[in-house]
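For reference, start-v6.txt (compact mmCIF, C-alpha atoms):
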# COMPACT_ATOMS: atom_id res chain seq x y z
CA MET V 1 3.81 -25.94 -25.84
CA MET V 2 6.93 -25.06 -23.84
CA LYS V 3 4.95 -22.52 -21.84
CA PHE V 4 2.33 -25.19 -21.02
CA PHE V 5 4.95 -27.57 -19.64
CA SER V 6 6.67 -24.82 -17.65
CA VAL V 7 3.39 -23.79 -16.03
CA ALA V 8 2.56 -27.42 -15.23
CA LEU V 9 6.00 -27.96 -13.72
CA VAL V 10 5.71 -24.93 -11.45
CA LEU V 11 2.25 -25.96 -10.28
CA LEU V 12 3.39 -29.51 -9.52
CA SER V 13 6.42 -28.27 -7.58
CA ARG V 14 4.20 -25.98 -5.52
CA ALA V 15 1.80 -28.80 -4.73
CA ALA V 16 4.62 -31.13 -3.69
CA ALA V 17 6.21 -28.53 -1.43
CA PHE V 18 3.00 -27.47 0.28
CA ALA V 19 2.57 -28.35 3.91
CA PRO V 20 -0.20 -27.11 6.25
CA PRO V 21 0.85 -24.44 8.80
CA SER V 22 1.66 -25.79 12.24
CA SER V 23 -0.13 -24.65 15.38
CA SER V 24 2.55 -22.62 17.16
CA GLY V 25 0.33 -20.97 19.73
CA VAL V 26 1.67 -17.54 18.76
CA GLN V 27 -1.07 -14.99 18.21
CA CYS V 28 -0.65 -13.61 14.71
CA TYR V 29 -2.51 -12.44 11.65
CA ALA V 30 -3.52 -15.15 9.18
CA ALA V 31 -3.95 -14.22 5.55
CA SER V 32 -7.21 -16.11 5.10
CA ARG V 33 -7.63 -14.71 1.58
CA LEU V 34 -4.60 -16.74 0.59
CA SER V 35 -5.35 -19.81 2.67
CA SER V 36 -8.89 -20.44 1.48
CA THR V 37 -9.87 -23.50 -0.50
CA GLU V 38 -10.13 -21.36 -3.63
CA ASN V 39 -6.39 -20.85 -3.96
CA SER V 40 -6.03 -22.62 -7.30
CA ASP V 41 -6.95 -19.48 -9.24
CA ASP V 42 -4.40 -17.48 -7.24
CA GLU V 43 -1.67 -20.06 -7.93
CA VAL V 44 -2.29 -19.90 -11.68
CA ALA V 45 -2.34 -16.09 -11.49
CA VAL V 46 1.07 -16.06 -9.77
CA VAL V 47 2.60 -18.26 -12.47
CA ASP V 48 0.94 -16.26 -15.22
CA ARG V 49 2.30 -12.97 -13.82
CA ILE V 50 5.81 -14.40 -13.72
CA GLU V 51 5.69 -15.72 -17.26
CA THR V 52 3.64 -13.22 -19.23
CA GLU V 53 3.51 -9.87 -17.42
CA SER V 54 4.74 -7.06 -19.66
CA ASP V 55 5.75 -3.53 -18.70
CA GLU V 56 2.40 -2.24 -19.94
CA ASP V 57 0.46 -4.77 -17.87
CA SER V 58 2.49 -4.02 -14.76
CA LEU V 59 1.48 -0.35 -14.95
CA ALA V 60 -2.23 -1.06 -15.21
CA VAL V 61 -4.44 0.24 -12.41
CA PRO V 62 -5.62 -2.67 -10.25
CA LEU V 63 -9.40 -3.00 -10.41
CA THR V 64 -9.85 -5.39 -7.47
CA TYR V 65 -8.40 -5.89 -4.02
CA ASN V 66 -6.58 -9.09 -5.00
CA GLU V 67 -5.07 -7.45 -8.07
CA MET V 68 -3.71 -4.59 -5.96
CA VAL V 69 -2.25 -6.92 -3.32
CA SER V 70 -0.43 -8.93 -6.00
CA GLN V 71 0.79 -5.84 -7.83
CA VAL V 72 2.14 -4.21 -4.66
CA ALA V 73 3.81 -7.42 -3.44
CA ASP V 74 5.41 -8.06 -6.84
CA THR V 75 6.75 -4.51 -7.04
CA MET V 76 8.12 -4.53 -3.49
CA ALA V 77 9.80 -7.90 -4.10
CA MET V 78 11.33 -6.70 -7.36
CA ALA V 79 12.60 -3.51 -5.71
CA SER V 80 14.06 -5.52 -2.84
CA GLU V 81 15.91 -7.79 -5.27
CA GLU V 82 17.41 -4.70 -6.88
CA GLY V 83 18.71 -3.47 -3.53
CA PHE V 84 15.88 -1.27 -2.28
CA LYS V 85 15.56 -2.62 1.26
CA ARG V 86 14.04 0.60 2.66
CA GLN V 87 10.80 1.42 0.88
CA ILE V 88 7.98 3.95 0.99
CA VAL V 89 4.66 2.64 -0.32
CA ARG V 90 1.31 4.34 -0.80
CA ILE V 91 -1.78 2.30 -1.66
CA LEU V 92 -5.55 2.55 -1.88
CA LEU V 93 -7.58 0.76 0.79
CA PRO V 94 -10.58 -1.59 0.55
CA ARG V 95 -13.98 -0.41 1.68
CA ASP V 96 -17.45 -1.87 1.49
CA ALA V 97 -18.88 -1.11 -1.94
CA SER V 98 -22.16 0.15 -0.43
CA SER V 99 -20.38 2.82 1.63
CA GLY V 100 -19.02 5.09 -1.05
CA LYS V 101 -20.91 8.19 0.06
CA LEU V 102 -20.72 10.41 3.11
CA GLY V 103 -23.70 11.04 5.36
CA GLU V 104 -24.51 7.46 6.33
CA MET V 105 -24.95 6.81 10.05
CA TYR V 106 -23.21 3.45 9.84
CA GLU V 107 -20.49 2.25 7.52
CA PRO V 108 -19.63 -1.49 7.40
CA GLN V 109 -16.01 -2.53 7.75
CA ALA V 110 -14.10 -3.79 4.75
CA GLU V 111 -14.24 -7.59 4.73
CA THR V 112 -11.23 -9.23 3.07
CA SER V 113 -11.25 -12.60 4.86
CA THR V 114 -12.29 -14.54 1.75
CA ARG V 115 -11.57 -14.13 -1.95
CA ALA V 116 -15.26 -13.63 -2.70
CA LYS V 117 -15.60 -10.81 -0.17
CA ALA V 118 -12.29 -9.26 -1.19
CA GLN V 119 -13.39 -9.11 -4.82
CA GLU V 120 -16.47 -7.11 -3.77
CA MET V 121 -14.44 -4.45 -1.99
CA LYS V 122 -14.06 -1.01 -3.50
CA LEU V 123 -10.53 0.45 -3.63
CA VAL V 124 -10.71 3.97 -2.20
CA PRO V 125 -8.11 6.73 -1.74
CA THR V 126 -7.21 7.62 1.85
CA ASP V 127 -9.14 10.89 1.84
CA GLU V 128 -11.75 12.64 3.96
CA SER V 129 -14.54 10.33 2.75
CA TRP V 130 -13.60 7.82 5.48
CA GLN V 131 -16.08 8.63 8.23
CA GLY V 132 -14.07 6.93 10.96
CA GLY V 133 -10.93 8.91 10.24
CA ILE V 134 -7.43 7.55 10.79
CA MET V 135 -8.58 4.65 12.99
CA GLN V 136 -10.93 3.35 10.31
CA LEU V 137 -8.07 3.61 7.83
CA LEU V 138 -5.94 1.53 10.20
CA ARG V 139 -8.61 -1.17 10.38
CA ALA V 140 -8.65 -1.36 6.58
CA CYS V 141 -4.88 -1.07 6.18
CA THR V 142 -3.91 -3.85 8.61
CA PRO V 143 -5.52 -6.83 6.81
CA THR V 144 -4.41 -5.43 3.46
CA LEU V 145 -0.78 -5.29 4.55
CA THR V 146 -1.07 -8.74 6.11
CA ASP V 147 -1.97 -10.13 2.68
CA ILE V 148 0.84 -8.16 0.99
CA MET V 149 3.41 -9.34 3.54
CA THR V 150 2.24 -12.92 3.07
CA GLU V 151 2.91 -12.76 -0.67
CA LEU V 152 6.31 -11.20 0.06
CA SER V 153 7.31 -14.04 2.36
CA PRO V 154 9.95 -16.44 0.95
CA THR V 155 8.25 -19.26 2.86
CA TYR V 156 4.92 -18.61 1.20
CA ARG V 157 6.46 -18.24 -2.24
CA THR V 158 8.23 -21.60 -2.00
CA THR V 159 5.90 -23.75 0.14
CA GLY V 160 2.56 -21.98 0.25
CA VAL V 161 2.74 -21.71 4.05
CA PRO V 162 1.93 -18.17 5.26
CA PRO V 163 4.32 -16.59 7.79
CA SER V 164 3.55 -15.52 11.33
CA ILE V 165 2.80 -11.80 11.20
CA LEU V 166 2.85 -9.92 14.49
CA GLU V 167 1.38 -6.53 15.32
CA ASP V 168 2.71 -4.00 17.83
CA ARG V 169 0.50 -1.01 18.65
CA SER V 170 2.62 0.27 21.54
CA ILE V 171 4.43 2.60 19.14
CA ASP V 172 1.19 4.65 19.07
CA GLU V 173 1.63 6.58 22.33
CA SER V 174 -1.82 8.18 22.21
CA GLY V 175 -3.59 5.02 21.10
CA VAL V 176 -5.63 6.98 18.55
CA ASP V 177 -3.07 8.11 15.96
CA GLY V 178 -3.69 5.05 13.78
CA VAL V 179 -0.05 3.90 13.84
CA SER V 180 1.26 0.36 14.26
CA ILE V 181 4.02 -2.02 13.22
CA LEU V 182 3.55 -5.34 11.45
CA TYR V 183 6.52 -7.70 11.17
CA THR V 184 7.36 -11.30 10.43
CA SER V 185 9.48 -13.53 12.65
CA MET V 186 11.36 -15.75 10.23
CA GLY V 187 14.66 -15.90 12.11
CA SER V 188 15.17 -17.76 15.37
CA GLY V 189 16.31 -14.60 17.08
CA ALA V 190 13.36 -12.50 16.01
CA ASN V 191 11.51 -10.62 18.70
CA THR V 192 7.95 -11.92 19.00
CA LYS V 193 6.81 -9.09 21.27
CA GLN V 194 3.21 -8.15 20.67
CA SER V 195 0.93 -5.61 22.28
CA SER V 196 -1.15 -7.43 24.88
CA ASP V 197 -4.03 -5.10 24.12
CA GLY V 198 -4.12 -6.19 20.48
CA GLY V 199 -4.62 -2.60 19.32
CA GLY V 200 -7.48 -1.43 21.51
CA PHE V 201 -8.45 2.19 22.07
CA PHE V 202 -5.94 2.65 24.89
CA GLY V 203 -3.39 0.19 23.52
CA GLY V 204 -0.62 2.77 23.34
CA PHE V 205 -0.71 3.43 27.07
CA LEU V 206 -0.07 -0.17 28.12
CA GLY V 207 3.70 -0.23 27.66
CA ASP V 208 6.75 1.34 26.07
CA PHE V 209 7.62 0.44 22.51
CA SER V 210 10.30 -2.23 22.18
CA PRO V 211 11.75 -2.49 18.64
CA PRO V 212 11.66 -6.02 17.20
CA SER V 213 14.87 -7.82 16.26
CA LEU V 214 14.67 -8.78 12.60
CA SER V 215 16.49 -11.36 10.53
CA ASP V 216 17.55 -10.72 6.94
CA ASP V 217 14.48 -12.61 5.65
CA ASP V 218 11.99 -10.64 7.73
CA VAL V 219 9.63 -7.90 6.57
CA CYS V 220 8.74 -4.99 8.85
CA VAL V 221 6.03 -2.48 7.94
CA PHE V 222 5.32 0.80 9.69
CA VAL V 223 1.59 1.28 9.18
CA GLN V 224 0.53 4.91 8.62
CA PRO V 225 3.64 6.34 10.31
CA THR V 226 3.67 9.91 11.60
CA GLN V 227 6.60 12.30 11.81
CA GLU V 228 6.75 11.69 15.57
CA ILE V 229 7.96 8.07 15.20
CA ILE V 230 10.86 8.81 12.86
CA GLU V 231 13.37 7.97 15.61
CA SER V 232 11.87 4.48 15.94
CA VAL V 233 12.09 4.08 12.16
CA SER V 234 15.74 5.12 12.31
CA SER V 235 16.50 2.75 15.19
CA ILE V 236 15.05 -0.33 13.50
CA SER V 237 16.49 0.55 10.10
CA SER V 238 19.99 1.02 11.50
CA THR V 239 20.07 -2.36 13.25
CA SER V 240 18.20 -4.61 10.81
CA ASN V 241 20.72 -4.89 7.95
CA ASP V 242 19.05 -6.61 4.98
CA ALA V 243 15.52 -6.93 6.36
CA LEU V 244 12.90 -5.30 4.16
CA ILE V 245 11.48 -2.28 6.00
CA ALA V 246 8.62 -0.27 4.52
CA LEU V 247 6.63 2.82 5.45
CA VAL V 248 3.10 2.34 4.14
CA ASN V 249 0.70 5.26 3.74
CA PRO V 250 2.70 7.82 5.74
CA GLN V 251 0.50 10.47 7.30
CA TRP V 252 2.42 13.32 5.71
CA ARG V 253 1.24 14.45 2.31
CA ASN V 254 2.94 13.48 -0.92
CA VAL V 255 2.93 17.12 -2.09
CA ASP V 256 4.58 20.15 -0.49
CA ASP V 257 2.98 23.23 1.01
CA ALA V 258 4.77 26.42 2.08
CA LEU V 259 5.67 24.96 5.48
CA ASP V 260 7.15 21.83 3.90
CA LEU V 261 9.26 23.88 1.52
CA ALA V 262 10.53 26.08 4.36
CA SER V 263 11.35 23.06 6.55
CA SER V 264 13.56 21.61 3.80
CA GLN V 265 16.07 24.44 4.35
CA ASP V 266 19.11 23.57 6.43
CA ASN V 267 19.02 26.67 8.64
CA ILE V 268 17.21 28.16 11.63
CA PHE V 269 14.14 28.93 9.53
CA GLY V 270 14.02 25.32 8.35
CA ALA V 271 14.30 24.06 11.93
CA PHE V 272 11.46 26.35 13.02
CA ALA V 273 9.29 25.24 10.09
CA SER V 274 9.95 21.60 11.03
CA PHE V 275 8.91 22.39 14.61
CA LEU V 276 5.64 23.77 13.26
CA GLY V 277 4.95 20.55 11.35
CA GLY V 278 6.87 20.82 8.08
CA LYS V 279 8.06 17.45 6.83
CA GLY V 280 11.40 18.58 5.37
CA ASN V 281 13.50 17.36 8.30
CA VAL V 282 11.77 13.96 8.29
CA LEU V 283 12.38 13.55 4.56
CA ARG V 284 16.06 14.37 5.06
CA GLN V 285 16.38 11.68 7.72
CA LEU V 286 14.60 9.13 5.54
CA ASP V 287 16.89 10.01 2.65
CA GLU V 288 19.92 9.41 4.89
CA LEU V 289 18.45 6.00 5.75
CA ASP V 290 18.09 5.24 2.01
CA PHE V 291 14.30 5.08 2.00
CA LYS V 292 12.94 5.23 -1.56
CA ALA V 293 9.40 5.42 -2.92
CA THR V 294 8.91 2.08 -4.69
CA TYR V 295 5.14 1.98 -5.24
CA THR V 296 2.58 4.78 -5.23
CA LEU V 297 -1.10 4.44 -6.11
CA GLU V 298 -3.16 7.55 -5.41
CA GLY V 299 -6.48 8.92 -6.52
CA TYR V 300 -8.78 11.89 -6.56
CA VAL V 301 -11.60 13.42 -8.63
CA CYS V 302 -10.92 15.64 -11.64
CA LYS V 303 -13.65 16.99 -13.93
CA GLY V 304 -16.14 14.92 -11.94
CA GLY V 305 -14.48 11.55 -12.63
CA ASN V 306 -12.11 9.32 -10.73
CA VAL V 307 -8.44 9.70 -11.57
CA ARG V 308 -5.57 7.44 -10.48
CA LEU V 309 -1.84 8.19 -10.33
CA LEU V 310 0.49 5.19 -10.44
CA LYS V 311 4.26 5.09 -10.12
CA LYS V 312 6.76 2.34 -9.48
CA PHE V 313 10.41 2.67 -8.52
CA ASN V 314 11.47 1.99 -12.11
CA SER V 315 8.80 3.95 -13.99
CA ASP V 316 7.48 7.46 -14.62
CA TRP V 317 4.22 8.71 -13.17
CA TYR V 318 1.25 7.40 -15.14
CA VAL V 319 -2.19 9.00 -15.08
CA PHE V 320 -5.43 7.09 -15.61
CA ALA V 321 -9.11 8.07 -15.79
CA GLU V 322 -11.97 5.74 -14.88
CA SER V 323 -14.23 4.82 -17.77
CA ASP V 324 -17.92 5.67 -17.57
CA GLY V 325 -18.69 1.98 -17.18
CA GLY V 326 -16.42 1.77 -14.13
CA ASP V 327 -14.87 -1.44 -15.44
CA GLN V 328 -11.48 -0.08 -16.55
CA PHE V 329 -9.08 2.84 -16.36
CA VAL V 330 -7.97 4.63 -19.52
CA THR V 331 -4.35 5.80 -19.78
CA LEU V 332 -4.12 9.59 -20.15
CA GLY V 333 -0.35 10.02 -20.21
CA SER V 334 2.83 9.99 -18.17
CA MET V 335 5.35 12.42 -16.70
CA PRO V 336 8.77 11.98 -15.04
CA GLU V 337 7.66 14.17 -12.10
CA ARG V 338 4.45 13.85 -10.10
CA PRO V 339 1.66 15.46 -12.18
CA THR V 340 -0.17 18.35 -10.59
CA TYR V 341 -3.94 18.67 -10.63
CA GLN V 342 -3.56 21.15 -13.47
CA ASP V 343 -1.42 18.64 -15.41
CA VAL V 344 -4.11 15.99 -15.05
CA GLN V 345 -6.82 18.40 -16.15
CA LYS V 346 -4.77 19.30 -19.22
CA MET V 347 -4.35 15.60 -20.08
CA LEU V 348 -8.11 15.13 -19.88
CA ASP V 349 -8.68 18.14 -22.14
CA GLU V 350 -6.15 16.91 -24.68
CA LYS V 351 -7.90 13.52 -24.79
CA GLY V 352 -11.23 15.26 -25.34
CA VAL V 353 -12.66 14.03 -22.02
CA GLY V 354 -15.54 16.23 -20.87
CA TYR V 355 -16.99 16.69 -17.42
CA LYS V 356 -18.62 13.63 -15.91
CA TYR V 357 -22.07 15.24 -15.67
CA ALA V 358 -21.90 16.18 -19.35
CA ARG V 359 -20.98 12.62 -20.32
CA ASP V 360 -23.81 11.24 -18.17
CA LEU V 361 -26.30 13.56 -19.88
CA GLY V 362 -25.04 12.73 -23.37
CA MET V 363 -23.67 16.25 -23.87
CA ALA V 364 -20.10 14.93 -24.27
CA PRO V 365 -18.65 11.72 -25.72
CA PRO V 366 -18.48 8.83 -23.23
CA LEU V 367 -15.14 7.76 -21.83
CA LYS V 368 -14.54 4.14 -22.79

Kindly return the structure encoded in the file as structure tokens.
Amino acid sequence: MMKFFSVALVLLSRAAAFAPPSSSGVQCYAASRLSSTENSDDEVAVVDRIETESDEDSLAVPLTYNEMVSQVADTMAMASEEGFKRQIVRILLPRDASSGKLGEMYEPQAETSTRAKAQEMKLVPTDESWQGGIMQLLRACTPTLTDIMTELSPTYRTTGVPPSILEDRSIDESGVDGVSILYTSMGSGANTKQSSDGGGFFGGFLGDFSPPSLSDDDVCVFVQPTQEIIESVSSISSTSNDALIALVNPQWRNVDDALDLASSQDNIFGAFASFLGGKGNVLRQLDELDFKATYTLEGYVCKGGNVRLLKKFNSDWYVFAESDGGDQFVTLGSMPERPTYQDVQKMLDEKGVGYKYARDLGMAPPLK
């Protein structure tokens, strides 16, 4: 009974505080998924997460686009409250459910403008299956991060009014590296500079990058950053105090190769390895700036089936395998360090999970 009244009270307070967004004339991204007329389900979901979410639930693999957006936003907000103002986040991206295979001449863009369309999207790892490469990933990543930043906004959380979210593509000098910055402008002194090209093919050539000035309530996201923009990351991080700054889906790998290991050495060989592309020097700079991995959701195929790795800033690495019905992910186990492919394969063997083709042919027990 007490829970019923608390939920009702929160819903009534949200309704009373809601006011429609004003027309400011500033070009920005609008999180239409959150501003549709079907928001009542989302409001109840927010309250329910706050009141009933357990540790086990919070480490479940999101099955839909909306679930992932809420899970990422909740984790980033929780990490920020605990002092993690510089975050590294890796997420899956939405793609049209009919475009899961290579070889098609045309692949539709992910459509997340409405809750109905967003629910139909398939969450896909950022791998080589994306036919359009890094620029297609950028087109999927931008609306996803817009929705995440909207849920992170204090204004949206208290009044339901989404913030103005600006995009700057001028940080991408080539115009084709798939890099951009998204940021809110909550404070009166915030820089509202925006690329006049709006992120076109030659957008990076139209002007030099000018770092935004952020207030303590602002959120700034570097979208798919490369090692080449680390100085810009350092500049904004050093001057933005308590603003939440995140690197989302960095273009360096989350595992080390020989060059990465060599570049982590603080000597002439390390410097040379960094020059050749090793990420060790970049990771050292990010560590000095107090950047921490707060949310990681990755995926690949093992024994013919989809596997997901999930880690939050306050948890171990958890490994999940997709059920044969495709409607859930089964927990395989957890490790304090990032599991290798061999670790995941061993977990599958220990659970008695056979190869996907064998399960499909009835030669091995189904994974439920």

For Leu123 (chain V): contacts at 6 Å, all atoms listed in the file, fewer than 3 positions along chain excluded, given as a ChimeraX atom specification: /V:92-94

Just checking: using all atoms listed in the file, which residue out of V:Thr126, V:Ser185, V:Thr296, V:Thr144 ends up closest to Ala243 (chain V)?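 Counting all atoms listed in the file, the residue closest to Ala243 (chain V) is V:Ser185.
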
Around the point (4.2, -12.1, -2.0) in the file's coordinates, collect all residues with an atom within 9 Å, using only C-alpha atoms, and return them as a PDB file with C-alpha atoms, keeping the file's coordinate frame.
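Done, and the output landed in part.pdb:
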ATOM      1  CA  VAL V  69      -2.250  -6.920  -3.320  1.00  0.00           C
ATOM      2  CA  SER V  70      -0.430  -8.930  -6.000  1.00  0.00           C
ATOM      3  CA  VAL V  72       2.140  -4.210  -4.660  1.00  0.00           C
ATOM      4  CA  ALA V  73       3.810  -7.420  -3.440  1.00  0.00           C
ATOM      5  CA  ASP V  74       5.410  -8.060  -6.840  1.00  0.00           C
ATOM      6  CA  MET V  76       8.120  -4.530  -3.490  1.00  0.00           C
ATOM      7  CA  ALA V  77       9.800  -7.900  -4.100  1.00  0.00           C
ATOM      8  CA  ASP V 147      -1.970 -10.130   2.680  1.00  0.00           C
ATOM      9  CA  ILE V 148       0.840  -8.160   0.990  1.00  0.00           C
ATOM     10  CA  MET V 149       3.410  -9.340   3.540  1.00  0.00           C
ATOM     11  CA  THR V 150       2.240 -12.920   3.070  1.00  0.00           C
ATOM     12  CA  GLU V 151       2.910 -12.760  -0.670  1.00  0.00           C
ATOM     13  CA  LEU V 152       6.310 -11.200   0.060  1.00  0.00           C
ATOM     14  CA  SER V 153       7.310 -14.040   2.360  1.00  0.00           C
ATOM     15  CA  PRO V 154       9.950 -16.440   0.950  1.00  0.00           C
ATOM     16  CA  TYR V 156       4.920 -18.610   1.200  1.00  0.00           C
ATOM     17  CA  ARG V 157       6.460 -18.240  -2.240  1.00  0.00           C
TER      18      ARG V 157
END

Pick from V:Val124, V:Gly132, V:Gln87, V:Asp324 nearest to Val221 (chain V), counting only C-alpha atoms: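 The shortest atom-to-atom distance to Val221 (chain V) comes from V:Gln87.
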
Kindly give the distance, in Å, that separates CA of Pro366 (chain V) and CA of Glu128 (chain V), rounded to a single decimal.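 Going from CA of Pro366 (chain V) over to CA of Glu128 (chain V) covers 28.3 Å.
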
With a distance cut-off of 12 Å and all atoms listed in the file, select the neighbouring residues of Ser232 (chain V), excluding the residue or stretch itself and same-chain residues fewer than 3 positions from it, and output the selection as JSON, numbers by chain. {"V": [170, 171, 172, 180, 181, 208, 209, 210, 211, 212, 222, 225, 226, 227, 228, 229, 235, 236, 237, 238, 239, 247, 285, 286]}

Nearest to Tyr295 (chain V) among V:Gly83, V:Gly178, V:Ile88, V:Gln345, with distances taken over all atoms listed in the file: which residue is it? V:Ile88

Let me make sure I understand: among V:Gln328, V:Ser213, V:Arg86, V:Asn249, which one has the smallest atom-to-atom distance to Leu145 (chain V) if we use only C-alpha atoms?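 Once distances to Leu145 (chain V) are computed over only C-alpha atoms, the minimum belongs to V:Asn249.
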
Counting all atoms listed in the file, figure out which residue out of V:Asp360, V:Asp349, V:Asp168, V:Asp127 gets nearest to Ser323 (chain V). V:Asp360

I'd like the interatomic distance between CA of Val282 (chain V) and CA of Gln131 (chain V), to a tenth of an Å.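 According to the coordinates, CA of Val282 (chain V) and CA of Gln131 (chain V) are separated by 28.4 Å.
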
Do a neighbour search on Leu310 (chain V) at 8 Å with all atoms listed in the file, toss out local chain neighbours closer than 3 positions, and write the hits as a PyMOL selection string. chain V and resi 59+61+295-298+317-319

Separation of CA of Glu167 (chain V) from CA of Gln136 (chain V), in Å and rounded to one decimal: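 Distance between the two atoms: 16.6 Å.
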